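This report refers to the structure that appears directly beneath it.
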Amino acid sequence: MKRLLLLISLFVVLIQVLAAQDWARAKVEKSPRHHEWVTVKHDDRSVETFVAYPESKDKRPVVLVIHEIFGMTDWVQNLADELAEAGYIAVAPDLLSGLGPNGGRSTAFPDQSKAMEAVSHLNPDQVTADLNAAADYAKKLPASNGRLFVAGFCWGGAQSFRFATNRTDLRGAFIFYGAPPDKDAMKHITAPVYGFYGGNDARIDATIPQTKTDMAAAGKSYEPVTYEGAGHGFMRAGEAPDASDANKKARIDAWTRWKTLLEK
């Protein structure tokens, strides 16, 4: 019975995610901003990466965007476009590049569950190498001013926190409902870390008190904010046509906070 309920819950989540793609894709297609797919190469890897540019006459900072466990979805591209709208160069690598059927990326998987399984089994060292390559590429863009931030969501939120333990030139790490890295790794963090959490996300919220303690013990800056009534994934769910009031409000408030922090 428990297994059946788990499968039903997973099916519901998948349906919700897939249903979200139509409106997200439509927004990206209607955007006036420039988007492009580029291939970032390192070692024996080729990482397909989505880049969204702001409309600006000045050089702008870069935000490295790490996708959810669902892989590189239309919503991630929409989020990147929204960052560009706010004035930032958004660079979102598809970390499943070359790992899908016939060497494809996220879109090559036959269904969302297969993409989720593949993301959950990604090698951490490979993820770090892919992110470093994308970050290095982005910082060298003619339109970049060299300032680098990282943001991740769900699985990507955890990877964003972990990336902060591996990258010393970050100006800030934004963790959207992601788990923390190992306590011992926190001593390597040089950037301030900002957390965004849903009030109805007990699994992730349970990690916050210990993370506060561990980050303080390491002498690191960690500022978590919890949005009451919001669930896990509220940045995506709060923008969907069927968004609950709590998720919608959390997304609006989180965006306001995020843009304020980016402008520091």
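Ordering of the structure tokens sets the chain letters (A, B, ...), residue numbers begin anew at 1 in every chain, and ligands are numbered from 1 in the order given.
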
Identify all residues of segment 131-256 of chain A in alpha helix (DSSP H) (DSSP on the backbone) and supply them as a PyMOL selection string. chain A and resi 131-139+155-164+202-205+208-217+234-237+245-256

Determine, counting only C-alpha atoms, which protein, DNA and RNA residues have an atom within 7 Å of an atom of segment 179-186 of chain A; residues of the same chain fewer than 2 positions away are not included. Present the result as a list in words. Gly157, Ala158, Phe161, Arg162, Thr165, Tyr177, His188, Ile189, Ile204, Thr207, Thr211, Asp214, Met215 and Ala218 of chain A

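Using only C-alpha atoms, the smallest distance between any of A:Thr73, A:Ser244, A:Thr256, A:Thr107 and Phe196 of chain A comes from A:Thr256.
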
Quick one: everything within 10 Å of Ser120 of chain A, counting only C-alpha atoms, minus sequence neighbours fewer than 4 positions away in the same chain. Send it as a list in words. Ile69, Phe70, Gly71, Lys114, Ala115, Met116 and Trp155 of chain A

Take the selection from the previous step and output its residues with C-alpha atoms, as a compact mmCIF listing (two decimals), in the first residue's frame.
# COMPACT_ATOMS: atom_id res chain seq x y z
CA ILE A 69 15.72 17.12 -10.50
CA PHE A 70 13.42 17.12 -13.55
CA GLY A 71 16.32 18.17 -15.75
CA LYS A 114 13.68 8.63 -16.48
CA ALA A 115 15.17 12.13 -16.44
CA MET A 116 14.66 12.33 -12.68
CA TRP A 155 18.00 19.21 -6.45

Just the residues within 6 Å of segment 167-172 of chain A, please, counting only C-alpha atoms, with nothing from its chain fewer than 3 positions along; format it as a PyMOL selection string. chain A and resi 148-149+164+190-192

Point-to-point distance in Å for atom CA of Leu79 of chain A and atom CA of Arg203 of chain A: 24.3 Å

Taking the DSSP assignment computed from this structure's backbone, write out as number ranges by chain all residues of segment 90-261 of chain A that belong to strand (DSSP E). A: 90-93, 144-153, 170-176, 193-200, 222-231

Give me the residues near Lys30 of chain A as a PyMOL selection string, where near means some atom within 12 Å (using only C-alpha atoms) and where sequence neighbours in that chain fewer than 5 positions away do not count. chain A and resi 23-25+35+78+81

Any chance you can output those residues with all heavy atoms as a CSV table (one decimal), in the first residue's frame?
chain,number,residue,atom,x,y,z
A,23,TRP,N,2.7,26.7,-20.6
A,23,TRP,CA,2.7,28.1,-20.3
A,23,TRP,C,4.2,28.7,-20.2
A,23,TRP,O,4.4,29.8,-20.7
A,23,TRP,CB,2.0,28.5,-19.0
A,23,TRP,CG,2.5,27.9,-17.8
A,23,TRP,CD1,2.1,26.7,-17.1
A,23,TRP,CD2,3.6,28.4,-17.0
A,23,TRP,NE1,2.9,26.5,-16.0
A,23,TRP,CE2,3.8,27.5,-15.9
A,23,TRP,CE3,4.4,29.6,-17.0
A,23,TRP,CZ2,4.7,27.8,-14.9
A,23,TRP,CZ3,5.3,29.8,-16.1
A,23,TRP,CH2,5.5,28.9,-15.0
A,24,ALA,N,5.1,27.9,-19.7
A,24,ALA,CA,6.5,28.3,-19.6
A,24,ALA,C,7.1,28.5,-21.0
A,24,ALA,O,7.8,29.4,-21.3
A,24,ALA,CB,7.3,27.4,-18.7
A,25,ARG,N,6.8,27.5,-21.8
A,25,ARG,CA,7.4,27.5,-23.2
A,25,ARG,C,6.8,28.7,-23.9
A,25,ARG,O,7.6,29.4,-24.7
A,25,ARG,CB,7.0,26.2,-23.9
A,25,ARG,CG,7.6,26.1,-25.3
A,25,ARG,CD,7.2,24.8,-26.0
A,25,ARG,NE,7.5,23.7,-25.2
A,25,ARG,CZ,6.6,22.9,-24.7
A,25,ARG,NH1,5.3,23.1,-24.8
A,25,ARG,NH2,6.9,21.8,-24.0
A,35,HIS,N,18.0,34.7,-26.7
A,35,HIS,CA,18.3,33.5,-26.1
A,35,HIS,C,19.2,32.7,-27.1
A,35,HIS,O,19.0,32.8,-28.3
A,35,HIS,CB,17.1,32.6,-25.8
A,35,HIS,CG,16.0,33.3,-25.0
A,35,HIS,ND1,14.7,33.2,-25.3
A,35,HIS,CD2,16.1,34.2,-24.0
A,35,HIS,CE1,14.0,34.0,-24.5
A,35,HIS,NE2,14.8,34.6,-23.6
A,78,ASN,N,12.4,29.5,-18.8
A,78,ASN,CA,11.6,30.7,-18.5
A,78,ASN,C,12.2,31.5,-17.3
A,78,ASN,O,12.2,32.7,-17.3
A,78,ASN,CB,10.2,30.2,-18.1
A,78,ASN,CG,9.3,31.3,-17.6
A,78,ASN,OD1,9.1,32.3,-18.3
A,78,ASN,ND2,8.7,31.2,-16.5
A,81,ASP,N,15.1,33.5,-18.5
A,81,ASP,CA,14.6,34.7,-19.2
A,81,ASP,C,14.1,35.7,-18.2
A,81,ASP,O,14.4,36.9,-18.5
A,81,ASP,CB,13.4,34.3,-20.2
A,81,ASP,CG,12.9,35.5,-20.9
A,81,ASP,OD1,13.6,36.1,-21.7
A,81,ASP,OD2,11.8,35.9,-20.5

Segment 52-56 of chain A surroundings by only C-alpha atoms, 8 Å radius, close-in-sequence under 2 positions cut, as a list in words: Arg33, His34, His35, Glu36, Phe50, Asp58, Lys59, Arg60, Ala80, Asp81, Leu83, Ala84, Glu85, Ala86, Gly87, Tyr88, Ile89, Ala90 and Val91 of chain A

Write the selection just made, keeping C-alpha atoms, as an mmCIF file, in the first residue's frame?
data_model
loop_
_atom_site.group_PDB
_atom_site.id
_atom_site.type_symbol
_atom_site.label_atom_id
_atom_site.label_comp_id
_atom_site.auth_asym_id
_atom_site.auth_seq_id
_atom_site.Cartn_x
_atom_site.Cartn_y
_atom_site.Cartn_z
ATOM 1 C CA ARG A 33 15.193 39.025 -25.145
ATOM 2 C CA HIS A 34 17.960 37.147 -26.919
ATOM 3 C CA HIS A 35 18.342 33.458 -26.069
ATOM 4 C CA GLU A 36 20.798 30.947 -27.423
ATOM 5 C CA PHE A 50 20.939 27.855 -22.370
ATOM 6 C CA ASP A 58 26.308 48.012 -19.892
ATOM 7 C CA LYS A 59 28.143 44.816 -19.006
ATOM 8 C CA ARG A 60 26.104 42.782 -16.546
ATOM 9 C CA ALA A 80 16.532 32.243 -17.025
ATOM 10 C CA ASP A 81 14.594 34.658 -19.219
ATOM 11 C CA LEU A 83 16.585 36.804 -14.734
ATOM 12 C CA ALA A 84 17.562 38.414 -18.033
ATOM 13 C CA GLU A 85 14.509 40.643 -17.771
ATOM 14 C CA ALA A 86 15.815 41.704 -14.337
ATOM 15 C CA GLY A 87 19.142 42.664 -15.912
ATOM 16 C CA TYR A 88 21.341 39.586 -15.505
ATOM 17 C CA ILE A 89 22.991 37.185 -17.928
ATOM 18 C CA ALA A 90 21.457 33.822 -17.071
ATOM 19 C CA VAL A 91 23.447 30.701 -17.912
#

Length of the atom CA of Ser221 of chain A to atom CA of Phe174 of chain A vector [Å]: 12.0 Å
